[in-house]
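In what follows, a single structure is set out as structure tokens and then discussed.
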Protein chains: 2
Amino acid sequence: MTRLREREWRLSPQRRVVAEVLVGEHVHLTAEQVHDLARDRLPEISRATVYNTLNELVALGEVGVVDIVDGAKRYDPNTAEAHDHLVCETCHTIRDVPRAGTRPTVPKRVRDGFLVTGVDVVYRGVCPDCARRHRAGRKR
Amino acid sequence: MTRLREREWRLSPQRRVVAEVLVGEHVHLTAEQVHDLARDRLPEISRATVYNTLNELVALGEVGVVDIVDGAKRYDPNTAEAHDHLVCETCHTIRDVPRAGTRPTVPKRVRDGFLVTGVDVVYRGVCPDCARRHRAGRKR
DNA sequence: TTTACTGCAAACCGTTTGCAGTTCC
DNA sequence: GGAACTGCAAACGGTTTGCAGTAAA
């Protein structure tokens, strides 16, 4: 992540911190979460700079945007391998799902001149934690 | 659409108009578009009422929400048969895609206690009109 | 008559933008 | 030194909400 950028980018403390916050597996932070985490390391960083930096990282292809739940975009540093998402309808956490087997396709009759360039698959459900909490709730 | 509702709902001119606007095939209107069309028939109808009514129709299961492009939710009256969506990245129009063949599933290892209740598939690409316009643009 | 719905306007949330000041190269 | 970046605050687009008034049953 760091390497590539040094060739394209003016490196500022703010940008470094935003990039660092996004390192990891199964990371799908909202802009606000990124801002909070970034402020832990660099208290003066502004919301505008976080948004600007996130948009630049997206434009550079360094992070992806996941916009499948509750209004707020999530930023996903895993652009290396294509993957789908499994989202909990209750707590809105997201789990990455590696792609396996055949991908769904649009039947020829329906496609009809439409150039299809990609497919997004989103699985929805209830995560183990929320399922447990829900069971506990009923019992009480 | 009308029938079911009469058992659940207080029927007002505003609500009737919103419901009527949403009748049809391949209908994926934004709230604002619904408001505009509704005003053609009932000029005094307010934005708030349109939003309230749309939310009620969604809660009743009479219409679905499609939230896959450019910030604004689309309202989809086709809840009878499950279908996927094909969206043009350029003009943001949406085409319904009937489901055929097998649906993608989450590998057991990844699922791991997560209860999966649904899968959304979104195909992205360029519609014939936009592709044509794009070609014309290059030629010029 | 009563309860539920409407319209208005203000509030809201996530995000973007204009601008003056600052920093990186 | 100059272009590029930052922070602030205001503006934005889509959506929701509080409230006083109105209308469906």
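For the structure tokens, the naming scheme is as follows: chains receive sequential letters (A, B, ...) according to their order of presentation, residues are indexed from 1 within each chain, and ligands are indexed from 1 in presentation order.
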
Give chain B as a compact mmCIF listing (two decimals) with N, CA and C atoms, in the first residue's frame once it has been least-squares superposed onto chain A over every C-alpha atom, paired in order.
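Contents of superposed.txt, as written:
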# COMPACT_ATOMS: atom_id res chain seq x y z
N MET B 1 0.90 -1.10 -0.10
CA MET B 1 0.05 0.09 -0.14
C MET B 1 0.90 1.37 -0.20
N THR B 2 1.89 1.37 0.66
CA THR B 2 2.73 2.56 0.79
C THR B 2 3.56 2.78 -0.47
N ARG B 3 4.18 1.72 -0.94
CA ARG B 3 5.08 1.78 -2.06
C ARG B 3 4.48 2.51 -3.26
N LEU B 4 3.41 1.92 -3.79
CA LEU B 4 2.75 2.45 -4.98
C LEU B 4 2.51 3.94 -4.86
N ARG B 5 2.11 4.34 -3.69
CA ARG B 5 1.64 5.69 -3.52
C ARG B 5 2.74 6.72 -3.63
N GLU B 6 3.92 6.34 -3.20
CA GLU B 6 5.00 7.32 -3.19
C GLU B 6 5.29 7.87 -4.58
N ARG B 7 4.84 7.14 -5.60
CA ARG B 7 5.07 7.59 -6.99
C ARG B 7 3.98 8.54 -7.50
N GLU B 8 2.90 8.60 -6.77
CA GLU B 8 1.75 9.33 -7.30
C GLU B 8 1.43 10.54 -6.43
N TRP B 9 1.92 10.53 -5.26
CA TRP B 9 1.30 11.26 -4.18
C TRP B 9 2.25 12.14 -3.41
N ARG B 10 1.77 13.25 -3.01
CA ARG B 10 2.46 14.07 -2.04
C ARG B 10 2.17 13.43 -0.68
N LEU B 11 3.20 13.11 0.07
CA LEU B 11 3.00 12.36 1.30
C LEU B 11 2.96 13.29 2.50
N SER B 12 1.82 13.38 3.13
CA SER B 12 1.69 14.22 4.32
C SER B 12 1.37 13.34 5.52
N PRO B 13 1.61 13.84 6.72
CA PRO B 13 1.27 13.06 7.91
C PRO B 13 -0.19 12.61 7.87
N GLN B 14 -1.09 13.52 7.48
CA GLN B 14 -2.51 13.19 7.45
C GLN B 14 -2.78 12.00 6.53
N ARG B 15 -2.24 12.07 5.33
CA ARG B 15 -2.49 10.98 4.39
C ARG B 15 -1.90 9.68 4.87
N ARG B 16 -0.70 9.78 5.46
CA ARG B 16 -0.09 8.55 5.95
C ARG B 16 -0.98 7.91 7.01
N VAL B 17 -1.48 8.72 7.92
CA VAL B 17 -2.30 8.19 9.00
C VAL B 17 -3.57 7.54 8.47
N VAL B 18 -4.23 8.18 7.52
CA VAL B 18 -5.44 7.60 6.95
C VAL B 18 -5.12 6.25 6.32
N ALA B 19 -4.02 6.20 5.58
CA ALA B 19 -3.65 4.94 4.94
C ALA B 19 -3.34 3.87 5.98
N GLU B 20 -2.67 4.25 7.04
CA GLU B 20 -2.31 3.27 8.07
C GLU B 20 -3.55 2.70 8.76
N VAL B 21 -4.50 3.56 9.01
CA VAL B 21 -5.72 3.12 9.70
C VAL B 21 -6.43 2.03 8.90
N LEU B 22 -6.27 2.08 7.59
CA LEU B 22 -7.01 1.16 6.73
C LEU B 22 -6.29 -0.17 6.48
N VAL B 23 -5.16 -0.39 7.13
CA VAL B 23 -4.45 -1.64 6.91
C VAL B 23 -5.11 -2.77 7.69
N GLY B 24 -5.27 -3.91 7.07
CA GLY B 24 -5.79 -5.06 7.80
C GLY B 24 -6.73 -5.93 7.00
N GLU B 25 -7.18 -7.00 7.64
CA GLU B 25 -8.12 -7.94 7.03
C GLU B 25 -9.53 -7.63 7.51
N HIS B 26 -10.50 -7.83 6.66
CA HIS B 26 -11.90 -7.62 7.03
C HIS B 26 -12.12 -6.22 7.60
N VAL B 27 -11.45 -5.24 7.03
CA VAL B 27 -11.61 -3.87 7.46
C VAL B 27 -12.65 -3.20 6.56
N HIS B 28 -13.69 -2.67 7.17
CA HIS B 28 -14.74 -1.98 6.41
C HIS B 28 -15.21 -0.79 7.23
N LEU B 29 -14.35 0.19 7.34
CA LEU B 29 -14.64 1.33 8.21
C LEU B 29 -15.43 2.40 7.49
N THR B 30 -16.29 3.08 8.23
CA THR B 30 -16.94 4.27 7.70
C THR B 30 -15.95 5.43 7.76
N ALA B 31 -16.25 6.49 7.02
CA ALA B 31 -15.38 7.66 7.03
C ALA B 31 -15.24 8.20 8.45
N GLU B 32 -16.33 8.21 9.17
CA GLU B 32 -16.28 8.70 10.54
C GLU B 32 -15.38 7.84 11.42
N GLN B 33 -15.47 6.53 11.25
CA GLN B 33 -14.59 5.65 12.03
C GLN B 33 -13.14 5.89 11.67
N VAL B 34 -12.87 6.08 10.38
CA VAL B 34 -11.51 6.39 9.96
C VAL B 34 -11.05 7.68 10.62
N HIS B 35 -11.94 8.66 10.64
CA HIS B 35 -11.59 9.94 11.24
C HIS B 35 -11.25 9.76 12.72
N ASP B 36 -12.06 9.01 13.45
CA ASP B 36 -11.81 8.79 14.87
C ASP B 36 -10.46 8.10 15.09
N LEU B 37 -10.23 7.03 14.34
CA LEU B 37 -8.98 6.29 14.51
C LEU B 37 -7.78 7.15 14.12
N ALA B 38 -7.97 7.96 13.07
CA ALA B 38 -6.88 8.82 12.63
C ALA B 38 -6.57 9.86 13.70
N ARG B 39 -7.61 10.35 14.35
CA ARG B 39 -7.40 11.37 15.37
C ARG B 39 -6.65 10.83 16.59
N ASP B 40 -6.80 9.53 16.85
CA ASP B 40 -6.03 8.94 17.94
C ASP B 40 -4.54 9.16 17.72
N ARG B 41 -4.14 9.15 16.44
CA ARG B 41 -2.71 9.26 16.16
C ARG B 41 -2.31 10.68 15.79
N LEU B 42 -3.28 11.47 15.35
CA LEU B 42 -2.98 12.81 14.83
C LEU B 42 -4.19 13.68 15.13
N PRO B 43 -4.26 14.20 16.34
CA PRO B 43 -5.49 14.81 16.85
C PRO B 43 -6.04 15.95 16.00
N GLU B 44 -5.20 16.68 15.27
CA GLU B 44 -5.69 17.84 14.55
C GLU B 44 -6.32 17.49 13.20
N ILE B 45 -6.24 16.25 12.78
CA ILE B 45 -6.71 15.92 11.41
C ILE B 45 -8.20 16.23 11.27
N SER B 46 -8.54 16.84 10.16
CA SER B 46 -9.92 17.29 9.95
C SER B 46 -10.74 16.28 9.17
N ARG B 47 -12.04 16.41 9.34
CA ARG B 47 -12.96 15.55 8.61
C ARG B 47 -12.76 15.71 7.10
N ALA B 48 -12.66 16.95 6.65
CA ALA B 48 -12.52 17.20 5.21
C ALA B 48 -11.31 16.46 4.64
N THR B 49 -10.21 16.52 5.36
CA THR B 49 -9.00 15.86 4.86
C THR B 49 -9.19 14.35 4.81
N VAL B 50 -9.87 13.80 5.80
CA VAL B 50 -10.14 12.37 5.77
C VAL B 50 -10.96 12.02 4.54
N TYR B 51 -12.01 12.77 4.30
CA TYR B 51 -12.84 12.51 3.11
C TYR B 51 -12.04 12.68 1.83
N ASN B 52 -11.29 13.76 1.74
CA ASN B 52 -10.48 13.98 0.54
C ASN B 52 -9.53 12.81 0.31
N THR B 53 -8.85 12.41 1.37
CA THR B 53 -7.86 11.35 1.25
C THR B 53 -8.52 10.03 0.86
N LEU B 54 -9.65 9.73 1.48
CA LEU B 54 -10.34 8.49 1.14
C LEU B 54 -10.73 8.50 -0.34
N ASN B 55 -11.23 9.60 -0.80
CA ASN B 55 -11.62 9.68 -2.22
C ASN B 55 -10.42 9.50 -3.14
N GLU B 56 -9.29 10.05 -2.73
CA GLU B 56 -8.09 9.88 -3.55
C GLU B 56 -7.63 8.43 -3.56
N LEU B 57 -7.66 7.81 -2.41
CA LEU B 57 -7.27 6.40 -2.34
C LEU B 57 -8.19 5.55 -3.21
N VAL B 58 -9.46 5.88 -3.21
CA VAL B 58 -10.40 5.15 -4.06
C VAL B 58 -10.06 5.39 -5.54
N ALA B 59 -9.78 6.65 -5.89
CA ALA B 59 -9.46 6.98 -7.27
C ALA B 59 -8.17 6.27 -7.71
N LEU B 60 -7.24 6.12 -6.81
CA LEU B 60 -5.99 5.43 -7.13
C LEU B 60 -6.17 3.92 -7.18
N GLY B 61 -7.33 3.45 -6.78
CA GLY B 61 -7.57 2.01 -6.77
C GLY B 61 -6.97 1.30 -5.57
N GLU B 62 -6.55 2.07 -4.57
CA GLU B 62 -5.91 1.47 -3.40
C GLU B 62 -6.93 0.95 -2.40
N VAL B 63 -8.09 1.55 -2.37
CA VAL B 63 -9.15 1.02 -1.51
C VAL B 63 -10.46 1.00 -2.29
N GLY B 64 -11.35 0.14 -1.85
CA GLY B 64 -12.66 0.02 -2.48
C GLY B 64 -13.73 0.61 -1.60
N VAL B 65 -14.88 0.90 -2.21
CA VAL B 65 -16.01 1.41 -1.46
C VAL B 65 -17.07 0.32 -1.39
N VAL B 66 -17.62 0.14 -0.23
CA VAL B 66 -18.70 -0.82 -0.03
C VAL B 66 -19.90 -0.04 0.46
N ASP B 67 -20.93 0.00 -0.36
CA ASP B 67 -22.07 0.86 -0.03
C ASP B 67 -23.33 0.02 0.00
N ILE B 68 -23.45 -0.82 1.02
CA ILE B 68 -24.54 -1.78 1.03
C ILE B 68 -25.39 -1.71 2.27
N VAL B 69 -25.02 -0.89 3.24
CA VAL B 69 -25.80 -0.81 4.47
C VAL B 69 -25.96 0.60 4.98
N ASP B 70 -27.13 0.87 5.50
CA ASP B 70 -27.45 1.96 6.40
C ASP B 70 -26.84 3.33 6.08
N GLY B 71 -26.81 3.69 4.82
CA GLY B 71 -26.43 5.06 4.51
C GLY B 71 -24.96 5.40 4.41
N ALA B 72 -24.14 4.88 5.30
CA ALA B 72 -22.75 5.32 5.30
C ALA B 72 -21.84 4.37 4.52
N LYS B 73 -21.02 4.94 3.64
CA LYS B 73 -20.08 4.15 2.87
C LYS B 73 -19.00 3.54 3.77
N ARG B 74 -18.55 2.35 3.38
CA ARG B 74 -17.43 1.71 4.08
C ARG B 74 -16.25 1.66 3.14
N TYR B 75 -15.06 1.75 3.71
CA TYR B 75 -13.84 1.72 2.90
C TYR B 75 -13.09 0.43 3.16
N ASP B 76 -12.75 -0.25 2.09
CA ASP B 76 -12.25 -1.61 2.15
C ASP B 76 -10.88 -1.68 1.47
N PRO B 77 -9.82 -1.90 2.27
CA PRO B 77 -8.46 -1.90 1.70
C PRO B 77 -8.14 -3.15 0.90
N ASN B 78 -8.99 -4.15 0.97
CA ASN B 78 -8.70 -5.39 0.26
C ASN B 78 -9.14 -5.29 -1.20
N THR B 79 -8.24 -4.76 -2.03
CA THR B 79 -8.54 -4.69 -3.47
C THR B 79 -7.74 -5.72 -4.23
N ALA B 80 -6.87 -6.43 -3.50
CA ALA B 80 -6.00 -7.40 -4.17
C ALA B 80 -6.80 -8.52 -4.81
N GLU B 81 -7.65 -9.19 -4.03
CA GLU B 81 -8.45 -10.26 -4.64
C GLU B 81 -9.93 -9.93 -4.57
N ALA B 82 -10.61 -10.17 -5.67
CA ALA B 82 -12.05 -9.93 -5.75
C ALA B 82 -12.75 -10.78 -4.70
N HIS B 83 -13.73 -10.18 -4.05
CA HIS B 83 -14.46 -10.93 -3.03
C HIS B 83 -15.86 -10.36 -2.89
N ASP B 84 -16.73 -11.16 -2.32
CA ASP B 84 -18.09 -10.72 -2.06
C ASP B 84 -18.20 -10.33 -0.59
N HIS B 85 -19.41 -9.94 -0.18
CA HIS B 85 -19.59 -9.52 1.20
C HIS B 85 -20.81 -10.18 1.84
N LEU B 86 -20.65 -10.46 3.12
CA LEU B 86 -21.71 -11.05 3.92
C LEU B 86 -22.00 -10.05 5.03
N VAL B 87 -23.22 -9.50 5.05
CA VAL B 87 -23.49 -8.43 6.01
C VAL B 87 -24.60 -8.80 6.98
N CYS B 88 -24.37 -8.46 8.23
CA CYS B 88 -25.35 -8.72 9.28
C CYS B 88 -26.38 -7.60 9.27
N GLU B 89 -27.64 -7.97 9.09
CA GLU B 89 -28.72 -6.98 9.01
C GLU B 89 -28.92 -6.28 10.35
N THR B 90 -28.45 -6.88 11.41
CA THR B 90 -28.70 -6.33 12.74
C THR B 90 -27.60 -5.36 13.17
N CYS B 91 -26.35 -5.80 13.14
CA CYS B 91 -25.28 -4.93 13.64
C CYS B 91 -24.46 -4.31 12.51
N HIS B 92 -24.75 -4.71 11.27
CA HIS B 92 -24.12 -4.09 10.11
C HIS B 92 -22.64 -4.40 9.96
N THR B 93 -22.16 -5.38 10.66
CA THR B 93 -20.76 -5.77 10.39
C THR B 93 -20.70 -6.54 9.08
N ILE B 94 -19.54 -6.50 8.48
CA ILE B 94 -19.35 -7.09 7.16
C ILE B 94 -18.23 -8.10 7.21
N ARG B 95 -18.44 -9.24 6.57
CA ARG B 95 -17.41 -10.26 6.48
C ARG B 95 -17.08 -10.45 5.00
N ASP B 96 -15.81 -10.57 4.67
CA ASP B 96 -15.44 -10.83 3.28
C ASP B 96 -15.70 -12.28 2.94
N VAL B 97 -16.12 -12.52 1.71
CA VAL B 97 -16.38 -13.87 1.23
C VAL B 97 -15.56 -14.09 -0.04
N PRO B 98 -14.59 -14.99 0.01
CA PRO B 98 -13.82 -15.25 -1.22
C PRO B 98 -14.72 -15.80 -2.31
N ARG B 99 -14.41 -15.50 -3.54
CA ARG B 99 -15.23 -15.98 -4.63
C ARG B 99 -14.85 -17.41 -4.97
N ALA B 100 -15.86 -18.24 -5.09
CA ALA B 100 -15.62 -19.63 -5.43
C ALA B 100 -16.67 -20.06 -6.43
N GLY B 101 -16.34 -21.05 -7.23
CA GLY B 101 -17.30 -21.58 -8.19
C GLY B 101 -17.61 -20.57 -9.28
N THR B 102 -18.71 -20.79 -9.96
CA THR B 102 -19.06 -19.93 -11.08
C THR B 102 -19.79 -18.70 -10.58
N ARG B 103 -19.61 -17.65 -11.30
CA ARG B 103 -20.30 -16.41 -10.98
C ARG B 103 -21.63 -16.37 -11.71
N PRO B 104 -22.61 -15.73 -11.16
CA PRO B 104 -23.87 -15.60 -11.89
C PRO B 104 -23.67 -14.72 -13.13
N THR B 105 -24.47 -14.99 -14.14
CA THR B 105 -24.37 -14.21 -15.38
C THR B 105 -25.76 -13.79 -15.83
N VAL B 106 -25.80 -12.77 -16.66
CA VAL B 106 -27.07 -12.28 -17.19
C VAL B 106 -27.43 -13.08 -18.44
N PRO B 107 -28.64 -13.64 -18.49
CA PRO B 107 -29.07 -14.38 -19.68
C PRO B 107 -28.94 -13.49 -20.93
N LYS B 108 -28.54 -14.11 -22.05
CA LYS B 108 -28.31 -13.35 -23.28
C LYS B 108 -29.50 -12.49 -23.68
N ARG B 109 -30.71 -13.06 -23.56
CA ARG B 109 -31.92 -12.34 -23.98
C ARG B 109 -32.07 -11.04 -23.21
N VAL B 110 -31.72 -11.09 -21.93
CA VAL B 110 -31.89 -9.93 -21.09
C VAL B 110 -30.75 -8.94 -21.33
N ARG B 111 -29.58 -9.46 -21.57
CA ARG B 111 -28.40 -8.62 -21.72
C ARG B 111 -28.59 -7.67 -22.90
N ASP B 112 -28.88 -8.23 -24.04
CA ASP B 112 -29.35 -7.46 -25.19
C ASP B 112 -28.63 -6.12 -25.41
N GLY B 113 -27.36 -6.18 -25.73
CA GLY B 113 -26.64 -4.94 -26.04
C GLY B 113 -26.02 -4.26 -24.84
N PHE B 114 -26.35 -4.72 -23.68
CA PHE B 114 -25.80 -4.15 -22.45
C PHE B 114 -24.43 -4.79 -22.20
N LEU B 115 -23.41 -3.97 -22.05
CA LEU B 115 -22.08 -4.49 -21.76
C LEU B 115 -21.92 -4.68 -20.26
N VAL B 116 -21.78 -5.91 -19.83
CA VAL B 116 -21.69 -6.18 -18.40
C VAL B 116 -20.22 -6.24 -17.99
N THR B 117 -19.83 -5.40 -17.04
CA THR B 117 -18.42 -5.32 -16.66
C THR B 117 -18.13 -5.87 -15.28
N GLY B 118 -19.15 -6.12 -14.50
CA GLY B 118 -18.89 -6.64 -13.16
C GLY B 118 -20.14 -7.12 -12.47
N VAL B 119 -19.94 -7.92 -11.45
CA VAL B 119 -21.05 -8.44 -10.65
C VAL B 119 -20.73 -8.27 -9.18
N ASP B 120 -21.63 -7.66 -8.44
CA ASP B 120 -21.48 -7.59 -6.99
C ASP B 120 -22.46 -8.55 -6.36
N VAL B 121 -21.97 -9.34 -5.43
CA VAL B 121 -22.84 -10.26 -4.71
C VAL B 121 -22.80 -9.90 -3.23
N VAL B 122 -23.98 -9.68 -2.67
CA VAL B 122 -24.06 -9.35 -1.25
C VAL B 122 -24.98 -10.36 -0.56
N TYR B 123 -24.41 -11.08 0.38
CA TYR B 123 -25.20 -11.99 1.19
C TYR B 123 -25.67 -11.25 2.43
N ARG B 124 -26.93 -11.44 2.79
CA ARG B 124 -27.46 -10.78 3.98
C ARG B 124 -27.95 -11.82 4.98
N GLY B 125 -27.82 -11.50 6.25
CA GLY B 125 -28.26 -12.45 7.26
C GLY B 125 -28.01 -11.92 8.65
N VAL B 126 -27.79 -12.85 9.56
CA VAL B 126 -27.59 -12.48 10.97
C VAL B 126 -26.31 -13.15 11.45
N CYS B 127 -25.43 -12.36 12.01
CA CYS B 127 -24.14 -12.90 12.45
C CYS B 127 -24.33 -13.69 13.75
N PRO B 128 -23.39 -14.57 14.07
CA PRO B 128 -23.53 -15.41 15.26
C PRO B 128 -23.78 -14.59 16.52
N ASP B 129 -23.07 -13.51 16.71
CA ASP B 129 -23.25 -12.69 17.92
C ASP B 129 -24.68 -12.18 18.04
N CYS B 130 -25.20 -11.63 16.94
CA CYS B 130 -26.55 -11.08 16.99
C CYS B 130 -27.59 -12.18 17.17
N ALA B 131 -27.36 -13.33 16.56
CA ALA B 131 -28.29 -14.44 16.72
C ALA B 131 -28.33 -14.86 18.19
N ARG B 132 -27.19 -14.92 18.82
CA ARG B 132 -27.10 -15.31 20.22
C ARG B 132 -27.82 -14.28 21.09
N ARG B 133 -27.54 -13.01 20.84
CA ARG B 133 -28.17 -11.94 21.60
C ARG B 133 -29.71 -12.01 21.46
N HIS B 134 -30.13 -12.32 20.25
CA HIS B 134 -31.56 -12.39 19.98
C HIS B 134 -32.19 -13.52 20.78
N ARG B 135 -31.54 -14.66 20.79
CA ARG B 135 -32.05 -15.80 21.56
C ARG B 135 -32.11 -15.46 23.04
N ALA B 136 -31.06 -14.89 23.56
CA ALA B 136 -31.01 -14.47 24.96
C ALA B 136 -32.17 -13.53 25.28
N GLY B 137 -32.45 -12.60 24.36
CA GLY B 137 -33.53 -11.66 24.55
C GLY B 137 -34.88 -12.33 24.69
N ARG B 138 -35.16 -13.34 23.86
CA ARG B 138 -36.45 -14.02 23.92
C ARG B 138 -36.62 -14.78 25.22
N LYS B 139 -35.54 -15.44 25.66
CA LYS B 139 -35.56 -16.25 26.85
C LYS B 139 -35.93 -15.42 28.09
N ARG B 140 -35.32 -14.25 28.17
CA ARG B 140 -35.42 -13.39 29.34
C ARG B 140 -36.86 -13.07 29.73

**Message:** Residues of chain D within 8 Å of chain B, counting only C-alpha atoms (C1' of nucleotides), what are they? List them as a PyMOL selection string.
**Reply:** chain D and resi 14-15+24

May I have the selected residues written with all heavy atoms, as a compact mmCIF listing (two decimals), in the first residue's frame?
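Resulting contents of out_19.txt:
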# COMPACT_ATOMS: atom_id res chain seq x y z
P DG D 14 -30.66 14.34 -4.48
OP1 DG D 14 -30.50 13.47 -5.66
OP2 DG D 14 -31.61 15.47 -4.50
O5' DG D 14 -31.03 13.42 -3.24
C5' DG D 14 -30.16 12.36 -2.86
C4' DG D 14 -30.60 11.84 -1.52
O4' DG D 14 -30.41 12.85 -0.53
C3' DG D 14 -32.08 11.45 -1.46
O3' DG D 14 -32.16 10.13 -0.93
C2' DG D 14 -32.71 12.48 -0.53
C1' DG D 14 -31.53 12.89 0.33
N9 DG D 14 -31.63 14.25 0.87
C8 DG D 14 -31.94 15.39 0.18
N7 DG D 14 -31.96 16.46 0.93
C5 DG D 14 -31.65 16.01 2.20
C6 DG D 14 -31.53 16.69 3.44
O6 DG D 14 -31.67 17.89 3.65
N1 DG D 14 -31.20 15.84 4.48
C2 DG D 14 -31.01 14.49 4.36
N2 DG D 14 -30.70 13.83 5.47
N3 DG D 14 -31.12 13.82 3.21
C4 DG D 14 -31.44 14.64 2.18
P DT D 15 -33.62 9.46 -0.73
OP1 DT D 15 -33.42 8.00 -0.78
OP2 DT D 15 -34.60 10.11 -1.61
O5' DT D 15 -33.94 9.84 0.79
C5' DT D 15 -33.06 9.35 1.79
C4' DT D 15 -33.49 9.89 3.13
O4' DT D 15 -33.40 11.33 3.15
C3' DT D 15 -34.93 9.54 3.52
O3' DT D 15 -34.87 8.67 4.66
C2' DT D 15 -35.56 10.89 3.86
C1' DT D 15 -34.35 11.80 4.05
N1 DT D 15 -34.60 13.23 3.77
C2 DT D 15 -34.47 14.14 4.81
O2 DT D 15 -34.18 13.81 5.94
N3 DT D 15 -34.72 15.44 4.47
C4 DT D 15 -35.07 15.93 3.22
O4 DT D 15 -35.26 17.12 3.04
C5 DT D 15 -35.18 14.93 2.17
C7 DT D 15 -35.56 15.34 0.78
C6 DT D 15 -34.95 13.65 2.49
P DA D 24 -60.84 12.85 3.14
OP1 DA D 24 -60.03 12.91 1.91
OP2 DA D 24 -62.21 13.39 3.19
O5' DA D 24 -60.88 11.31 3.63
C5' DA D 24 -59.67 10.57 3.65
C4' DA D 24 -59.77 9.48 4.72
O4' DA D 24 -59.91 10.11 6.01
C3' DA D 24 -60.97 8.55 4.56
O3' DA D 24 -60.49 7.22 4.67
C2' DA D 24 -61.92 8.93 5.68
C1' DA D 24 -61.03 9.60 6.71
N9 DA D 24 -61.62 10.78 7.37
C8 DA D 24 -62.18 11.86 6.77
N7 DA D 24 -62.59 12.78 7.63
C5 DA D 24 -62.29 12.24 8.86
C6 DA D 24 -62.49 12.72 10.18
N6 DA D 24 -63.04 13.90 10.46
N1 DA D 24 -62.07 11.93 11.20
C2 DA D 24 -61.49 10.75 10.91
N3 DA D 24 -61.26 10.20 9.72
C4 DA D 24 -61.69 11.00 8.73

Check your understanding: Can you list, as a ChimeraX atom specification, every protein, DNA or RNA residue that comes within 10 Å of stretch 16-19 of chain C when you count only C-alpha atoms (C1' of nucleotides), leaving out same-chain residues fewer than 2 positions away?
Key -> /A:48,51-52 /C:14,21 /D:8-12

One decimal place gives the atom C1' of D:DG1-atom C1' of C:DC25 separation as 10.7 Å

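Within 10 Å of D:DA23, once only C-alpha atoms (C1' of nucleotides) are used and residues closer than 4 positions along the same chain are dropped, the contacting residues are Ser12 of chain B; DA4, DC5 and DT6 of chain C.
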
Residues from the last selection, all heavy atoms, saved as a short mmCIF file (atom, residue, chain, number, x, y, z; two decimals), in the first residue's frame:
data_model
loop_
_atom_site.label_atom_id
_atom_site.label_comp_id
_atom_site.auth_asym_id
_atom_site.auth_seq_id
_atom_site.Cartn_x
_atom_site.Cartn_y
_atom_site.Cartn_z
N SER B 12 -56.12 7.49 1.48
CA SER B 12 -56.26 8.91 1.19
C SER B 12 -55.89 9.15 -0.27
O SER B 12 -55.21 8.33 -0.88
CB SER B 12 -55.34 9.72 2.09
OG SER B 12 -54.00 9.52 1.73
P DA C 4 -54.99 5.86 15.58
OP1 DA C 4 -54.79 4.40 15.52
OP2 DA C 4 -54.20 6.72 16.47
"O5'" DA C 4 -54.85 6.42 14.09
"C5'" DA C 4 -55.85 6.11 13.12
"C4'" DA C 4 -55.51 6.85 11.83
"O4'" DA C 4 -55.91 8.23 11.94
"C3'" DA C 4 -54.02 6.84 11.50
"O3'" DA C 4 -53.91 6.72 10.11
"C2'" DA C 4 -53.56 8.20 11.99
"C1'" DA C 4 -54.78 9.07 11.70
N9 DA C 4 -54.91 10.23 12.57
C8 DA C 4 -54.65 10.30 13.91
N7 DA C 4 -54.87 11.48 14.44
C5 DA C 4 -55.31 12.25 13.36
C6 DA C 4 -55.70 13.59 13.25
N6 DA C 4 -55.72 14.44 14.28
N1 DA C 4 -56.07 14.04 12.03
C2 DA C 4 -56.05 13.18 10.99
N3 DA C 4 -55.70 11.89 10.97
C4 DA C 4 -55.34 11.48 12.20
P DC C 5 -52.59 6.59 9.40
OP1 DC C 5 -52.69 5.42 8.52
OP2 DC C 5 -51.49 6.69 10.38
"O5'" DC C 5 -52.59 7.89 8.48
"C5'" DC C 5 -53.68 8.07 7.59
"C4'" DC C 5 -53.65 9.48 7.07
"O4'" DC C 5 -53.81 10.39 8.17
"C3'" DC C 5 -52.34 9.84 6.38
"O3'" DC C 5 -52.65 10.38 5.10
"C2'" DC C 5 -51.72 10.90 7.29
"C1'" DC C 5 -52.94 11.49 7.98
N1 DC C 5 -52.67 12.06 9.33
C2 DC C 5 -52.96 13.41 9.57
O2 DC C 5 -53.44 14.10 8.65
N3 DC C 5 -52.71 13.94 10.81
C4 DC C 5 -52.20 13.17 11.76
N4 DC C 5 -51.98 13.72 12.94
C5 DC C 5 -51.89 11.79 11.53
C6 DC C 5 -52.13 11.28 10.31
P DT C 6 -51.50 10.90 4.18
OP1 DT C 6 -51.91 10.64 2.79
OP2 DT C 6 -50.21 10.40 4.71
"O5'" DT C 6 -51.56 12.47 4.44
"C5'" DT C 6 -52.60 13.23 3.82
"C4'" DT C 6 -52.35 14.71 4.05
"O4'" DT C 6 -52.20 14.92 5.46
"C3'" DT C 6 -51.07 15.21 3.39
"O3'" DT C 6 -51.43 16.20 2.42
"C2'" DT C 6 -50.25 15.83 4.53
"C1'" DT C 6 -51.21 15.88 5.70
N1 DT C 6 -50.63 15.52 7.04
C2 DT C 6 -50.57 16.49 8.01
O2 DT C 6 -50.95 17.63 7.85
N3 DT C 6 -50.05 16.05 9.20
C4 DT C 6 -49.59 14.78 9.51
O4 DT C 6 -49.15 14.51 10.63
C5 DT C 6 -49.68 13.83 8.44
C7 DT C 6 -49.21 12.43 8.66
C6 DT C 6 -50.18 14.23 7.26
#

Write out as a VMD selection string the set of residues from chain A that DSSP, computed on the backbone, places in helix (DSSP H, G or I).
chain A and resid 2 to 6 13 to 21 31 to 41 47 to 59 108 to 111 128 to 139

Exercise for review: Taking the chain letters and numbering used in this document, name the residues of chain A that DSSP puts in strand (DSSP E), as an MDAnalysis selection string.
Suggested key: chainID A and resid 29:30 64:66 74:76 83:88 94:98 115:126

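In this model, the gap between atom C1' of C:DA11 and atom C1' of D:DT22 comes to 24.1 Å.
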
*Looking at D:DA20, D:DA25, D:DC5, D:DG13, which one is nearest to C:DG7, with distances taken over only C-alpha atoms (C1' of nucleotides)?*
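Once distances to C:DG7 are computed over only C-alpha atoms (C1' of nucleotides), the minimum belongs to D:DA20.
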